[in-house]
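Chemist: Sending over a structure as structure tokens; questions will come in a sec.
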Amino acid sequence: MKKLFTLFLLILSVSLYATNTFIKTHLPPALALSYTLTNPTCPGLNNGTIIGTVTGGNLPYSNFSLSNGTTTLTSATGVFSNLAPGTYTLSISDVFSTVTQPNIILIAPNDLSISSPVTICSGTSTTLSVSGSATGFIWTASPPDASLTSANNSSASPVVSPTQTTTYTVTATGNSPSANLVTNGNFSQGNLGFTSDYSYITNAGTSGVQRAYGVVRTANAWFQFFPSCNIEHTTGTGNMMVIDGSTINAGADKVWGQTITVQPNQIYTFSYWVQTVALPNPANLEVRINGVVVGTELAPSAECNWSLRTYTWNSGTATSAQIAIYDKVVASAGNDFALDDISFTTNVVCNLSKTVVITVTPRITPTFNAVNSICVGASLSPLPTTSNNSITGTWSPALNNLVTTTYTFVPSSGQCIANASLTITVNPIVTPLFTPVNSICSGATLSPLPTSSNNSITGNWSPTLNNLATTTYTFTPSAGQCATNGSITITVIPNVIPTFTQVPTICSGATLSALPTTSNNSIIGNWSPSLNNSSTTTYTFTPSSGQCATTGTMTITVTPFPEFTITKGCDGSNFVLSAQGIGTLNATYIWYNNLHQNIGTSPTIRITNVGNYSLELSNNGCSEEKPISVTNIHCTIPKGISPNGDGNNDIFDLSNLNVQKLQIFNRYGIEVYSKSDYTNEWTGKSNSGAELPDGTYYFVVQYTNGKTKTGWVYINK
């Protein structure tokens, strides 16, 4: 009986262990809640958003719940919009538990901060002030204030002197950049928050999987044959999206997509980082928003090289943006790439405004009787220290009987009483005035100057009149007059230098019109030497006799046509045309095809089709166009030849590769053929002309630029 009981306990223990193991093995991941947020764009606006994401737990989920302590909102999607600044708590429940994210804080941008209201006396100044993260402060006053001028109404601290109680309003604009609106744009949350037509797999095995992706730190962690240099771009927990391009559906498979709530009539910036992880055939990524293509661009042409792609989009009337990235390349070779740090942002312009009231208390102004003007040096009586309206005070500065002075009365009391002013005019010594004398030509007759001024001052002039040079004459008043010296300048015009409109630079051989025989300033004469339209020449203008003028010169620049030649040949795997010659250093280039369509503007251009081309080269305004014919653009070394006389691949054609020397070796390393300045002569024969047997041969190509290339070529007759 004891043995049976022991056996029962053993069976029960094994059963409980198996049950416990099954439960642990099949328990779902723990319920987890994450979120992203967007702060309100401007002060006073309630347009913040909080987006919740739930994973794990036991379905079904409840609605998301968002509370700010006074109001609770619910959402089946986790999207909460039109939120005011504040602190929120986000929560969600599954069948067994509830998870909560407290202290989610939405922060409004900084508003303007303006100085406090003050009371001032009329006639005094006060400084307004404003601060805040904004630009372009503009102050206005109601009623208008003349002291708020265009010179200070854009200052952060204008000094104003209102004459009455005034309300000042300051306005400004502030740019409020939004946070990244893309959920999990840096893939820190793994394979969450986005959609894809591609298959998500954690590891591509040893053969790779077309039309599939993984979220990993390094590319070779997903597929071991990718380069190890392809680490994630910059942010997050170190993940990126690695993609093996689709070979089906003509590029209509969505690589990555996400729908984002947007504001109408707003400009947004969408960007992503991309790198190529395997060549050839870099991915050609097309971005669509709401089904419209906003840009298409190839992934980098080199591996392990992150590159930023950026596009702008105007939301118009849309309230959501369905963003999708497609790979338009369907080749199976290469077409492997990685995405990271996907971003969708906008800048919102906030119109900000604040007001402040400056209260003005009127001042009492002291009044005084006017003081009659005096002559220089006359006596001045002391000014009264009590005004006509019984205000006492003091005057400054001290009385001055030598110059007209404005004196300021400063009241004794500390009330709102304005300063007063009084101007005493002191008449100065009179300056004699004369009617100006017109200019004369050098040597013309000068009439004697008047000995009495227009304001009746008499006197004499010095020095003696001079009709050969411009001279300033001094008038000395006769004794006994309250007057200073006077002066008058008589201008004597010297001989005129003839001036002409400069003839523009011409190209060699262009027509030269005859030079004018009358200058711009009406001087008549003749030019020498004769006009020359083939070289730059300086011409001399000799005025006709009887004129007050000197000789003049003009240099006419003749620009020669550029001298150049066009070379053609291969540059690596590309067939190029290049311009070389005299006069091409600062030249401009226009290449044309056989339809005379512009196909390039650089000294060298890549050609992808045979045909007739031409180059128009311009230098210093002179142009020359030359043609060139391209009949062969092959820039690759043939893999083999079949010299059987059928006209196809009979010759080892290297005619475009600028070969200095070709050597052919058999499989034993013995040279069987060689030729310097090779183009397309070898037809599978040895140096002696004997037919070489079918098989693989080793070649060495030495290019004219010093480079060498080796490889194999097969003869198959």
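Ordering of the structure tokens sets the chain letters (A, B, ...); residue numbers start at 1 within each chain; ligands are numbered from 1 in the order shown.
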Set the distance at 9 Å and use only C-alpha atoms: which residues neighbour segment 95-104 of chain A once local chain neighbours fewer than 3 positions away are removed? I'd like the list as a PyMOL selection string.
Modeler: chain A and resi 31-35+37+50+57-62+86-92
Chemist: I'd like the contact shell of Thr140 of chain A - 12 Å cut-off, only C-alpha atoms, skipping same-chain residues fewer than 2 positions apart - returned as a VMD selection string.
Modeler: chain A and resid 128 137 to 138 142 to 150 152 to 155 158 160 166 to 172 353 to 357
Chemist: Using the chain letters and numbers from this document, which residues of segment 4-187 of chain A does DSSP assign to alpha helix (DSSP H), as a PyMOL selection string?
Modeler: chain A and resi 4-26
Chemist: Determine, counting only C-alpha atoms, which protein, DNA and RNA residues have an atom within 6 Å of an atom of Gln660 of chain A; residues of the same chain fewer than 2 positions away are not included. Present the result as an NGL selection string.
Modeler: :A and (676-677 or 702-704)
Chemist: Counting only C-alpha atoms, what is within 9 Å of Pro504 of chain A, bar same-chain residues fewer than 2 positions away, as a ChimeraX atom specification?
Modeler: /A:502,506,556-557
Chemist: May I have the residues from that selection written out with C-alpha atoms, as a compact mmCIF listing (two decimals), in the first residue's frame?
Modeler:
```txt
# COMPACT_ATOMS: atom_id res chain seq x y z
CA GLN A 502 32.84 103.20 -74.22
CA ILE A 506 33.78 92.65 -79.57
CA ILE A 556 38.39 98.85 -77.83
CA THR A 557 38.96 95.31 -76.59
```
Chemist: Between A:Thr70, A:Asn658, A:Ser462, A:Asn305, which residue has the minimum interatomic distance to Glu232 of chain A, considering only C-alpha atoms?
Modeler: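 Of all the options, A:Asn305 lies closest to Glu232 of chain A.
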Chemist: Just checking: using only C-alpha atoms, which residue out of A:Cys635, A:Leu112, A:Cys622, A:Leu27 ends up closest to Asn574 of chain A?
Modeler: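 The closest residue to Asn574 of chain A is A:Cys635.
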Chemist: Tell me, in Å to one decimal, how far atom CA of Lys707 of chain A is from atom CA of Asn666 of chain A.
Modeler: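 Calculated distance between atom CA of Lys707 of chain A and atom CA of Asn666 of chain A is 22.3 Å.
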Chemist: Just how far from atom CA of Asp341 of chain A is atom CA of Cys304 of chain A, in Å to one decimal?
Modeler: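 Atom-to-atom, atom CA of Cys304 of chain A and atom CA of Asp341 of chain A are spaced 15.9 Å apart.
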Chemist: Compare A:Thr471, A:Ser534, A:Ser67, A:Thr36 by their minimum atom-to-atom distance to Leu512 of chain A, counting only C-alpha atoms, and give me the closest one.
Modeler: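 Ranked by minimum distance to Leu512 of chain A, first place goes to A:Ser534.
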Chemist: Quick one: distance from atom CA of Leu585 of chain A to atom CA of Pro603 of chain A in Å, one decimal?
Modeler: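 According to the coordinates, atom CA of Leu585 of chain A and atom CA of Pro603 of chain A are separated by 9.9 Å.
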Chemist: For Tyr268 of chain A, which residue out of A:Gly572, A:Tyr200, A:Phe344, A:Ala587 is the nearest one, using only C-alpha atoms?
Modeler: A:Phe344
Chemist: Considering only C-alpha atoms, return as a list in words whatever protein or nucleic-acid residues lie within 10 Å of Leu383 of chain A, sequence-local ones (same chain, fewer than 4 positions apart) excluded.
Modeler: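 Non-adjacent residues within range: Phe368, Asn369, Val371, Ser387, Thr394, Trp395, Leu399, Tyr407, Phe409 and Leu422 of chain A.
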